[in-house]
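Novice: Sharing start09.pdb (PDB, C-alpha atoms and all ligand atoms) below.
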ATOM      1  CA  MET A   1      -0.127 139.913 -41.039
ATOM      2  CA  ILE A   2      -3.096 138.911 -38.949
ATOM      3  CA  PHE A   3      -6.680 139.774 -39.836
ATOM      4  CA  VAL A   4      -8.885 139.615 -36.750
ATOM      5  CA  ASN A   5     -12.487 139.096 -37.750
ATOM      6  CA  TYR A   6     -14.816 140.375 -35.016
ATOM      7  CA  LYS A   7     -17.753 138.635 -36.719
ATOM      8  CA  ASN A   8     -20.954 139.391 -34.799
ATOM      9  CA  TYR A   9     -19.552 138.155 -31.505
ATOM     10  CA  GLU A  10     -20.680 140.175 -28.506
ATOM     11  CA  GLU A  11     -17.020 140.335 -27.456
ATOM     12  CA  GLY A  12     -16.339 142.164 -30.718
ATOM     13  CA  THR A  13     -19.268 144.572 -30.589
ATOM     14  CA  GLY A  14     -19.778 148.094 -29.180
ATOM     15  CA  GLU A  15     -17.514 149.026 -26.244
ATOM     16  CA  ASN A  16     -15.952 145.573 -26.421
ATOM     17  CA  ALA A  17     -14.945 146.202 -30.024
ATOM     18  CA  VAL A  18     -13.183 149.432 -29.065
ATOM     19  CA  SER A  19     -11.340 147.740 -26.170
ATOM     20  CA  LEU A  20     -10.359 144.787 -28.326
ATOM     21  CA  THR A  21      -9.016 147.095 -31.019
ATOM     22  CA  LYS A  22      -6.846 148.833 -28.433
ATOM     23  CA  ILE A  23      -5.333 145.463 -27.547
ATOM     24  CA  LEU A  24      -4.691 144.724 -31.222
ATOM     25  CA  GLU A  25      -3.052 148.095 -31.655
ATOM     26  CA  SER A  26      -0.746 147.710 -28.657
ATOM     27  CA  VAL A  27       0.379 144.242 -29.797
ATOM     28  CA  ALA A  28       0.899 145.518 -33.347
ATOM     29  CA  HIS A  29       3.073 148.362 -32.075
ATOM     30  CA  GLU A  30       5.032 146.176 -29.693
ATOM     31  CA  THR A  31       5.726 143.436 -32.202
ATOM     32  CA  GLN A  32       5.661 145.363 -35.490
ATOM     33  CA  ILE A  33       3.365 142.735 -36.966
ATOM     34  CA  LYS A  34       0.549 144.115 -39.094
ATOM     35  CA  ILE A  35      -2.768 143.412 -37.376
ATOM     36  CA  ILE A  36      -6.042 144.390 -39.007
ATOM     37  CA  PRO A  37      -9.415 144.359 -37.273
ATOM     38  CA  SER A  38     -12.364 143.522 -39.509
ATOM     39  CA  VAL A  39     -15.369 144.966 -37.748
ATOM     40  CA  GLN A  40     -19.122 145.423 -37.869
ATOM     41  CA  ASN A  41     -20.341 148.447 -39.770
ATOM     42  CA  VAL A  42     -22.150 149.798 -36.699
ATOM     43  CA  ASP A  43     -18.861 150.013 -34.773
ATOM     44  CA  THR A  44     -16.667 151.616 -37.415
ATOM     45  CA  GLU A  45     -17.065 155.191 -36.217
ATOM     46  CA  SER A  46     -16.097 154.537 -32.586
ATOM     47  CA  ILE A  47     -13.256 152.207 -33.574
ATOM     48  CA  LEU A  48     -11.836 154.580 -36.176
ATOM     49  CA  ALA A  49     -11.905 157.374 -33.613
ATOM     50  CA  SER A  50      -9.803 155.368 -31.182
ATOM     51  CA  THR A  51      -7.187 153.568 -33.274
ATOM     52  CA  SER A  52      -4.460 154.197 -35.800
ATOM     53  CA  LEU A  53      -4.745 150.668 -37.178
ATOM     54  CA  GLU A  54      -6.274 150.011 -40.557
ATOM     55  CA  VAL A  55      -9.919 149.155 -40.023
ATOM     56  CA  TRP A  56     -11.722 146.864 -42.436
ATOM     57  CA  LEU A  57     -15.352 145.911 -42.911
ATOM     58  CA  GLN A  58     -16.582 142.336 -42.850
ATOM     59  CA  LYS A  59     -18.872 142.780 -45.838
ATOM     60  CA  PRO A  60     -20.092 145.340 -48.372
ATOM     61  CA  GLU A  61     -22.474 148.004 -47.100
ATOM     62  CA  GLU A  62     -24.905 150.270 -48.959
ATOM     63  CA  ILE A  63     -23.248 153.356 -47.512
ATOM     64  CA  LEU A  64     -19.568 152.968 -46.854
ATOM     65  CA  PRO A  65     -18.273 154.643 -43.705
ATOM     66  CA  SER A  66     -15.421 157.028 -44.406
ATOM     67  CA  GLY A  67     -12.035 156.159 -43.003
ATOM     68  CA  ILE A  68     -12.094 152.416 -43.553
ATOM     69  CA  SER A  69      -9.155 150.886 -45.390
ATOM     70  CA  GLY A  70     -10.504 147.669 -46.779
ATOM     71  CA  MET A  71     -13.283 145.181 -47.078
ATOM     72  CA  PHE A  72     -13.784 141.431 -46.855
ATOM     73  CA  LEU A  73     -15.808 139.914 -49.644
ATOM     74  CA  ASN A  74     -17.440 136.502 -49.851
ATOM     75  CA  HIS A  75     -16.680 135.528 -46.255
ATOM     76  CA  SER A  76     -18.547 132.338 -45.290
ATOM     77  CA  MET A  77     -20.967 134.389 -43.160
ATOM     78  CA  TYR A  78     -21.803 136.644 -46.073
ATOM     79  CA  LYS A  79     -21.427 134.509 -49.191
ATOM     80  CA  VAL A  80     -22.385 136.243 -52.406
ATOM     81  CA  GLU A  81     -25.063 134.568 -54.484
ATOM     82  CA  ASN A  82     -23.072 134.470 -57.688
ATOM     83  CA  PHE A  83     -19.915 135.630 -59.385
ATOM     84  CA  ASP A  84     -21.572 138.652 -61.026
ATOM     85  CA  ASP A  85     -22.566 139.984 -57.607
ATOM     86  CA  LEU A  86     -19.048 139.402 -56.336
ATOM     87  CA  TYR A  87     -17.611 141.190 -59.352
ATOM     88  CA  ALA A  88     -19.930 144.169 -58.796
ATOM     89  CA  ALA A  89     -19.154 144.354 -55.064
ATOM     90  CA  HIS A  90     -15.437 144.182 -55.798
ATOM     91  CA  GLU A  91     -15.659 146.940 -58.413
ATOM     92  CA  LYS A  92     -17.546 149.111 -55.932
ATOM     93  CA  ALA A  93     -14.873 148.566 -53.287
ATOM     94  CA  ILE A  94     -12.117 149.459 -55.736
ATOM     95  CA  ALA A  95     -14.003 152.579 -56.830
ATOM     96  CA  ALA A  96     -14.074 153.585 -53.144
ATOM     97  CA  ASN A  97     -10.288 153.109 -52.977
ATOM     98  CA  LEU A  98     -10.563 150.190 -50.599
ATOM     99  CA  LYS A  99      -8.239 147.232 -50.325
ATOM    100  CA  THR A 100     -10.022 143.919 -50.707
ATOM    101  CA  LEU A 101      -9.720 140.399 -49.401
ATOM    102  CA  ILE A 102     -11.883 137.782 -51.091
ATOM    103  CA  PHE A 103     -12.486 134.449 -49.384
ATOM    104  CA  ALA A 104     -12.726 131.074 -51.052
ATOM    105  CA  ALA A 105     -14.045 127.876 -49.515
ATOM    106  CA  ASP A 106     -12.173 125.589 -51.923
ATOM    107  CA  LEU A 107      -9.537 125.657 -54.628
ATOM    108  CA  ASP A 108     -11.990 125.977 -57.520
ATOM    109  CA  GLU A 109     -13.494 129.039 -55.937
ATOM    110  CA  LEU A 110     -10.011 130.362 -55.206
ATOM    111  CA  LYS A 111      -9.131 130.241 -58.919
ATOM    112  CA  LYS A 112     -12.305 132.116 -59.830
ATOM    113  CA  ILE A 113     -11.863 134.884 -57.287
ATOM    114  CA  ALA A 114      -8.165 135.283 -58.079
ATOM    115  CA  ALA A 115      -9.194 136.442 -61.550
ATOM    116  CA  LEU A 116     -10.651 139.563 -59.905
ATOM    117  CA  SER A 117      -7.176 140.563 -58.631
ATOM    118  CA  PRO A 118      -8.135 141.558 -55.108
ATOM    119  CA  THR A 119      -5.466 142.829 -52.736
ATOM    120  CA  TYR A 120      -5.494 139.436 -50.969
ATOM    121  CA  ILE A 121      -7.156 136.115 -51.526
ATOM    122  CA  ALA A 122      -7.972 133.848 -48.622
ATOM    123  CA  TYR A 123      -8.613 130.151 -48.248
ATOM    124  CA  GLU A 124     -10.961 129.156 -45.410
ATOM    125  CA  PRO A 125     -12.480 125.659 -45.387
ATOM    126  CA  PRO A 126     -15.969 126.095 -43.844
ATOM    127  CA  SER A 127     -15.807 122.813 -41.904
ATOM    128  CA  LEU A 128     -12.956 124.138 -39.739
ATOM    129  CA  ILE A 129     -14.209 127.663 -39.160
ATOM    130  CA  GLY A 130     -14.838 128.169 -35.454
ATOM    131  CA  SER A 131     -12.838 125.118 -34.410
ATOM    132  CA  THR A 132     -10.794 125.603 -31.271
ATOM    133  CA  THR A 133      -8.918 122.338 -31.696
ATOM    134  CA  THR A 134      -8.164 121.795 -35.395
ATOM    135  CA  SER A 135      -6.830 124.421 -37.740
ATOM    136  CA  VAL A 136      -6.554 124.581 -41.492
ATOM    137  CA  ALA A 137      -2.766 124.542 -41.046
ATOM    138  CA  GLN A 138      -2.898 121.261 -39.134
ATOM    139  CA  ALA A 139      -5.550 119.538 -41.216
ATOM    140  CA  GLU A 140      -4.907 120.752 -44.759
ATOM    141  CA  PRO A 141      -1.245 121.620 -45.361
ATOM    142  CA  GLU A 142      -1.305 120.153 -48.878
ATOM    143  CA  ILE A 143      -4.329 122.178 -49.864
ATOM    144  CA  ILE A 144      -2.677 125.325 -48.482
ATOM    145  CA  SER A 145       0.356 124.577 -50.666
ATOM    146  CA  GLN A 146      -1.892 124.240 -53.711
ATOM    147  CA  ALA A 147      -3.691 127.442 -52.749
ATOM    148  CA  VAL A 148      -0.328 129.213 -52.518
ATOM    149  CA  GLU A 149       0.561 127.974 -56.017
ATOM    150  CA  ILE A 150      -2.711 129.289 -57.407
ATOM    151  CA  ALA A 151      -2.260 132.619 -55.644
ATOM    152  CA  ARG A 152       1.298 132.976 -56.910
ATOM    153  CA  SER A 153       0.261 132.170 -60.470
ATOM    154  CA  PHE A 154      -1.958 135.258 -60.258
ATOM    155  CA  GLY A 155       0.693 137.278 -58.413
ATOM    156  CA  LEU A 156      -1.512 137.501 -55.319
ATOM    157  CA  PRO A 157      -0.756 137.091 -51.602
ATOM    158  CA  LEU A 158      -2.636 134.281 -49.878
ATOM    159  CA  VAL A 159      -4.139 134.452 -46.385
ATOM    160  CA  VAL A 160      -5.420 131.323 -44.652
ATOM    161  CA  GLY A 161      -8.006 130.957 -41.946
ATOM    162  CA  ALA A 162     -10.264 128.531 -40.066
ATOM    163  CA  GLY A 163      -9.465 127.242 -36.613
ATOM    164  CA  ILE A 164      -6.152 129.128 -36.343
ATOM    165  CA  HIS A 165      -5.324 129.109 -32.631
ATOM    166  CA  SER A 166      -1.583 128.734 -32.038
ATOM    167  CA  GLN A 167       1.809 130.048 -33.040
ATOM    168  CA  GLU A 168       2.425 126.650 -34.682
ATOM    169  CA  ASP A 169      -0.591 127.265 -36.923
ATOM    170  CA  VAL A 170       0.809 130.617 -37.955
ATOM    171  CA  ARG A 171       4.342 129.278 -38.459
ATOM    172  CA  LYS A 172       3.078 126.378 -40.583
ATOM    173  CA  SER A 173       0.886 128.673 -42.691
ATOM    174  CA  LEU A 174       3.826 130.972 -43.397
ATOM    175  CA  GLU A 175       6.175 128.052 -44.109
ATOM    176  CA  LEU A 176       3.685 126.835 -46.704
ATOM    177  CA  GLY A 177       3.772 130.240 -48.366
ATOM    178  CA  ALA A 178       0.850 132.178 -46.923
ATOM    179  CA  VAL A 179       1.496 135.830 -46.047
ATOM    180  CA  GLY A 180      -0.747 135.773 -43.018
ATOM    181  CA  VAL A 181      -3.777 134.392 -41.250
ATOM    182  CA  ALA A 182      -7.390 135.336 -40.618
ATOM    183  CA  VAL A 183      -8.647 134.497 -37.152
ATOM    184  CA  ALA A 184     -11.791 135.085 -35.140
ATOM    185  CA  THR A 185     -12.662 132.722 -32.286
ATOM    186  CA  ASP A 186      -9.177 132.321 -30.813
ATOM    187  CA  ILE A 187      -8.825 136.063 -30.308
ATOM    188  CA  VAL A 188     -12.290 137.556 -30.056
ATOM    189  CA  LYS A 189     -13.684 134.902 -27.699
ATOM    190  CA  ALA A 190     -10.507 134.581 -25.656
ATOM    191  CA  GLU A 191     -10.481 135.268 -21.924
ATOM    192  CA  ASP A 192      -7.214 137.084 -22.548
ATOM    193  CA  PRO A 193      -7.084 138.242 -26.186
ATOM    194  CA  ARG A 194      -3.736 139.955 -25.674
ATOM    195  CA  LYS A 195      -2.124 136.702 -24.528
ATOM    196  CA  GLU A 196      -3.571 134.777 -27.472
ATOM    197  CA  LEU A 197      -2.487 137.427 -29.931
ATOM    198  CA  LEU A 198       1.041 137.500 -28.531
ATOM    199  CA  ASP A 199       1.144 133.735 -28.951
ATOM    200  CA  LEU A 200       0.060 133.942 -32.613
ATOM    201  CA  VAL A 201       2.601 136.670 -33.282
ATOM    202  CA  GLU A 202       5.373 134.316 -32.126
ATOM    203  CA  GLY A 203       4.651 132.320 -35.274
ATOM    204  CA  PHE A 204       6.104 135.150 -37.355
ATOM    205  CA  LYS A 205       9.476 134.934 -35.591
TER     206      LYS A 205
HETATM  207  O1  LIG B 301     -12.300 135.189 -41.186
HETATM  208  C1  LIG B 301     -11.793 134.426 -40.176
HETATM  209  C2  LIG B 301     -12.774 133.457 -39.651
HETATM  210  O2  LIG B 301     -13.728 133.035 -40.567
HETATM  211  C3  LIG B 301     -12.096 132.292 -39.038
HETATM  212  O3  LIG B 301     -12.846 131.975 -37.937
HETATM  213  O4  LIG B 301     -13.201 131.287 -35.664
HETATM  214  O5  LIG B 301     -12.108 129.747 -37.270
HETATM  215  O6  LIG B 301     -10.873 131.736 -36.439
HETATM  216  P1  LIG B 301     -12.205 131.139 -36.750
END
Would you write out, as structure tokens, the structure that this file holds?

Specialist:
Amino acid sequence: MIFVNYKNYEEGTGENAVSLTKILESVAHETQIKIIPSVQNVDTESILASTSLEVWLQKPEEILPSGISGMFLNHSMYKVENFDDLYAAHEKAIAANLKTLIFAADLDELKKIAALSPTYIAYEPPSLIGSTTTSVAQAEPEIISQAVEIARSFGLPLVVGAGIHSQEDVRKSLELGAVGVAVATDIVKAEDPRKELLDLVEGFK
């Protein structure tokens, strides 16, 4: 699976967000790989009206739009202040029947968030987020392996992200035991997002 985080990039906002989601949907249908856009709250209505993909939010919102399937929590752009806040936000998401993905910046944090039993846990080292040259899969394979062990000990699927930009990154992440990747820059800022996405999907084959 591939989570595509639109962040607050202009290329992932408004009309662009709708067009990008159409590209994600066509690649998902063609390749049968699960692709999930994680979008800005303001765009949920127009995106939901134009796609059959699951649509996730990038962070908790006061009023949750209907129709969304899941929510990111504790992403580096929207870090929670403390564990109690994370717990409360997670409980609220579960009460709304949403799937959840909680991010961790290191292995200690990963252990703590795993205790909440989200649908997915994710490891994203902040220093590599946004890199177009070095991915977590290239730079930190041993840490990914340890993250996979932690995730498995809690019975949870692990997603990895930060600098993912090639099919080799995806292949390596899966070989190490991750179930998928989270990616932003390589897709959302791409001149040809479809081409980049098709390249990443090759890593699943
Ligand atoms: O959630 C995915 C995101 O934080 C990774 O960003 O730009 O390194 O793919 P990027």

Novice: So which residues touch segment 45-60 of chain A within 6 Å, counting only C-alpha atoms, skipping near sequence neighbours fewer than 4 positions away, as a list in words?

Specialist: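 Listing them by chain and then by number gives Val18, Ile36, Pro37, Ser38, Val39, Ile68, Ser69, Gly70, Met71, Phe72 and Leu73 of chain A.
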
Novice: Residues contacting ligand LIG 301 (chain B) - anything with an atom at most 9 Å away, using all atoms listed in the file - can you give me those as an MDAnalysis selection string?

Specialist: chainID A and resid 3:7 38 58 72 75:77 103 122 124:126 128:132 135:136 160:165 181:189

Novice: Would you output that residue set with C-alpha atoms, as a PDB file, in the frame of the given file?

Specialist:
ATOM      1  CA  PHE A   3      -6.680 139.774 -39.836  1.00  0.00           C
ATOM      2  CA  VAL A   4      -8.885 139.615 -36.750  1.00  0.00           C
ATOM      3  CA  ASN A   5     -12.487 139.096 -37.750  1.00  0.00           C
ATOM      4  CA  TYR A   6     -14.816 140.375 -35.016  1.00  0.00           C
ATOM      5  CA  LYS A   7     -17.753 138.635 -36.719  1.00  0.00           C
ATOM      6  CA  SER A  38     -12.364 143.522 -39.509  1.00  0.00           C
ATOM      7  CA  GLN A  58     -16.582 142.336 -42.850  1.00  0.00           C
ATOM      8  CA  PHE A  72     -13.784 141.431 -46.855  1.00  0.00           C
ATOM      9  CA  HIS A  75     -16.680 135.528 -46.255  1.00  0.00           C
ATOM     10  CA  SER A  76     -18.547 132.338 -45.290  1.00  0.00           C
ATOM     11  CA  MET A  77     -20.967 134.389 -43.160  1.00  0.00           C
ATOM     12  CA  PHE A 103     -12.486 134.449 -49.384  1.00  0.00           C
ATOM     13  CA  ALA A 122      -7.972 133.848 -48.622  1.00  0.00           C
ATOM     14  CA  GLU A 124     -10.961 129.156 -45.410  1.00  0.00           C
ATOM     15  CA  PRO A 125     -12.480 125.659 -45.387  1.00  0.00           C
ATOM     16  CA  PRO A 126     -15.969 126.095 -43.844  1.00  0.00           C
ATOM     17  CA  LEU A 128     -12.956 124.138 -39.739  1.00  0.00           C
ATOM     18  CA  ILE A 129     -14.209 127.663 -39.160  1.00  0.00           C
ATOM     19  CA  GLY A 130     -14.838 128.169 -35.454  1.00  0.00           C
ATOM     20  CA  SER A 131     -12.838 125.118 -34.410  1.00  0.00           C
ATOM     21  CA  THR A 132     -10.794 125.603 -31.271  1.00  0.00           C
ATOM     22  CA  SER A 135      -6.830 124.421 -37.740  1.00  0.00           C
ATOM     23  CA  VAL A 136      -6.554 124.581 -41.492  1.00  0.00           C
ATOM     24  CA  VAL A 160      -5.420 131.323 -44.652  1.00  0.00           C
ATOM     25  CA  GLY A 161      -8.006 130.957 -41.946  1.00  0.00           C
ATOM     26  CA  ALA A 162     -10.264 128.531 -40.066  1.00  0.00           C
ATOM     27  CA  GLY A 163      -9.465 127.242 -36.613  1.00  0.00           C
ATOM     28  CA  ILE A 164      -6.152 129.128 -36.343  1.00  0.00           C
ATOM     29  CA  HIS A 165      -5.324 129.109 -32.631  1.00  0.00           C
ATOM     30  CA  VAL A 181      -3.777 134.392 -41.250  1.00  0.00           C
ATOM     31  CA  ALA A 182      -7.390 135.336 -40.618  1.00  0.00           C
ATOM     32  CA  VAL A 183      -8.647 134.497 -37.152  1.00  0.00           C
ATOM     33  CA  ALA A 184     -11.791 135.085 -35.140  1.00  0.00           C
ATOM     34  CA  THR A 185     -12.662 132.722 -32.286  1.00  0.00           C
ATOM     35  CA  ASP A 186      -9.177 132.321 -30.813  1.00  0.00           C
ATOM     36  CA  ILE A 187      -8.825 136.063 -30.308  1.00  0.00           C
ATOM     37  CA  VAL A 188     -12.290 137.556 -30.056  1.00  0.00           C
ATOM     38  CA  LYS A 189     -13.684 134.902 -27.699  1.00  0.00           C
TER      39      LYS A 189
END

Novice: Find, counting only C-alpha atoms, the residue in A:Ala137, A:Ile23, A:Ala96, A:Ile33 that gets nearest to Asp169 of chain A.

Specialist: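 Residue with the minimum atom-to-atom distance to Asp169 of chain A: A:Ala137.
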
Novice: Give as a PDB file with C-alpha atoms, in the coordinates of the input each residue that has an atom at most 6 Å from (-6.5, 131.0, -52.0) in the file, counting only C-alpha atoms.

Specialist:
ATOM      1  CA  LEU A 110     -10.011 130.362 -55.206  1.00  0.00           C
ATOM      2  CA  ILE A 121      -7.156 136.115 -51.526  1.00  0.00           C
ATOM      3  CA  ALA A 122      -7.972 133.848 -48.622  1.00  0.00           C
ATOM      4  CA  TYR A 123      -8.613 130.151 -48.248  1.00  0.00           C
ATOM      5  CA  ALA A 147      -3.691 127.442 -52.749  1.00  0.00           C
ATOM      6  CA  ALA A 151      -2.260 132.619 -55.644  1.00  0.00           C
ATOM      7  CA  LEU A 158      -2.636 134.281 -49.878  1.00  0.00           C
TER       8      LEU A 158
END

Novice: Restricting the calculation to only C-alpha atoms, which member of A:Ser66, A:Thr31, A:Thr134, A:Asn97 is positioned closest to Leu197 of chain A?

Specialist: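 Closest to Leu197 of chain A, using only C-alpha atoms: A:Thr31.
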
Novice: For Glu149 of chain A, which residue among A:Pro193, A:Pro65, A:Lys205, A:Lys111 is the nearest when counting only C-alpha atoms?

Specialist: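 Closest candidate: A:Lys111.
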
Novice: Given the PyMOL selection byres (((chain A and resi 148) around 12) and not hetatm) and the file above, list the residues it selects as number ranges by chain.

Specialist: A: 107, 110-111, 114, 120-123, 141-147, 149-160, 173-180

Novice: Mind pulling up the distance from atom CA of Ala104 of chain A to atom CA of Val42 of chain A?

Specialist: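 Taking atom CA of Val42 of chain A as the start and atom CA of Ala104 of chain A as the end point, the length is 25.4 Å.
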
Novice: Could you pull the residues within 12 Å of Ala89 of chain A, counting only C-alpha atoms, minus those fewer than 6 positions along the same chain, as a list in words?

Specialist: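 Here the qualifying residues turn out to be Lys59, Pro60, Glu61, Glu62, Leu64, Met71, Phe72, Leu73, Asn74, Lys79, Val80, Glu81, Asn82, Phe83, Ala95, Ala96, Leu98, Thr100, Leu101, Ile102, Leu116 and Pro118 of chain A.
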
Novice: Using Å and a single decimal, report how far atom CA of Arg171 of chain A sits from atom CA of Asp199 of chain A.

Specialist: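 These two atoms are separated by 11.0 Å.
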
Novice: Figure out the distance between atom CA of Lys172 of chain A and atom CA of Glu140 of chain A, please, to one decimal in Å.

Specialist: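 If I compute the distance from atom CA of Glu140 of chain A to atom CA of Lys172 of chain A, I get 10.6 Å.
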
Novice: Please write out, as AutoDock Vina command-line options, where the centre of an axis-aligned box around all listed atoms of segment 1-8 of chain A lies and how long its edges are, in Å to one decimal, after adding 8 Å on each side.

Specialist:
--center_x -10.5 --center_y 139.5 --center_z -37.9 --size_x 36.8 --size_y 17.7 --size_z 22.2

Novice: Using the atoms already present, construct all heavy atoms for segment 181-189 of chain A and hand them back as a compact mmCIF listing (two decimals), in the frame of the given file.

Specialist:
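As written to disk, result_15.txt reads:
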# COMPACT_ATOMS: atom_id res chain seq x y z
N VAL A 181 -2.62 135.20 -41.66
CA VAL A 181 -3.78 134.39 -41.25
C VAL A 181 -4.97 135.29 -40.97
O VAL A 181 -4.82 136.48 -40.66
CB VAL A 181 -3.46 133.56 -39.99
CG1 VAL A 181 -2.37 132.53 -40.26
CG2 VAL A 181 -3.09 134.45 -38.79
N ALA A 182 -6.15 134.68 -41.06
CA ALA A 182 -7.39 135.34 -40.62
C ALA A 182 -7.91 134.52 -39.44
O ALA A 182 -7.97 133.29 -39.50
CB ALA A 182 -8.43 135.35 -41.73
N VAL A 183 -8.25 135.20 -38.37
CA VAL A 183 -8.65 134.50 -37.15
C VAL A 183 -9.79 135.24 -36.48
O VAL A 183 -9.86 136.47 -36.52
CB VAL A 183 -7.42 134.33 -36.22
CG1 VAL A 183 -6.78 135.65 -35.89
CG2 VAL A 183 -7.77 133.60 -34.94
N ALA A 184 -10.68 134.47 -35.88
CA ALA A 184 -11.79 135.08 -35.14
C ALA A 184 -11.85 134.53 -33.72
O ALA A 184 -11.43 135.17 -32.77
CB ALA A 184 -13.11 134.85 -35.88
N THR A 185 -12.34 133.29 -33.60
CA THR A 185 -12.66 132.72 -32.29
C THR A 185 -11.50 132.80 -31.30
O THR A 185 -11.69 133.21 -30.15
CB THR A 185 -13.08 131.25 -32.45
OG1 THR A 185 -14.09 131.19 -33.47
CG2 THR A 185 -13.65 130.68 -31.16
N ASP A 186 -10.32 132.41 -31.74
CA ASP A 186 -9.18 132.32 -30.81
C ASP A 186 -8.84 133.66 -30.17
O ASP A 186 -8.36 133.70 -29.04
CB ASP A 186 -7.95 131.78 -31.56
CG ASP A 186 -6.77 131.61 -30.62
OD1 ASP A 186 -6.89 130.82 -29.67
OD2 ASP A 186 -5.74 132.28 -30.84
N ILE A 187 -9.13 134.74 -30.86
CA ILE A 187 -8.82 136.06 -30.31
C ILE A 187 -10.07 136.70 -29.70
O ILE A 187 -10.07 137.13 -28.54
CB ILE A 187 -8.25 137.01 -31.40
CG1 ILE A 187 -6.99 136.41 -32.04
CG2 ILE A 187 -7.99 138.40 -30.83
CD1 ILE A 187 -5.84 136.21 -31.09
N VAL A 188 -11.12 136.77 -30.49
CA VAL A 188 -12.29 137.56 -30.06
C VAL A 188 -12.98 136.92 -28.84
O VAL A 188 -13.43 137.62 -27.94
CB VAL A 188 -13.29 137.74 -31.22
CG1 VAL A 188 -14.45 138.65 -30.81
CG2 VAL A 188 -12.60 138.29 -32.46
N LYS A 189 -13.01 135.59 -28.81
CA LYS A 189 -13.68 134.90 -27.70
C LYS A 189 -12.74 134.54 -26.56
O LYS A 189 -13.14 133.87 -25.60
CB LYS A 189 -14.34 133.61 -28.20
CG LYS A 189 -15.33 133.78 -29.34
CD LYS A 189 -16.67 134.29 -28.89
CE LYS A 189 -17.60 133.20 -28.46
NZ LYS A 189 -18.92 133.76 -28.08
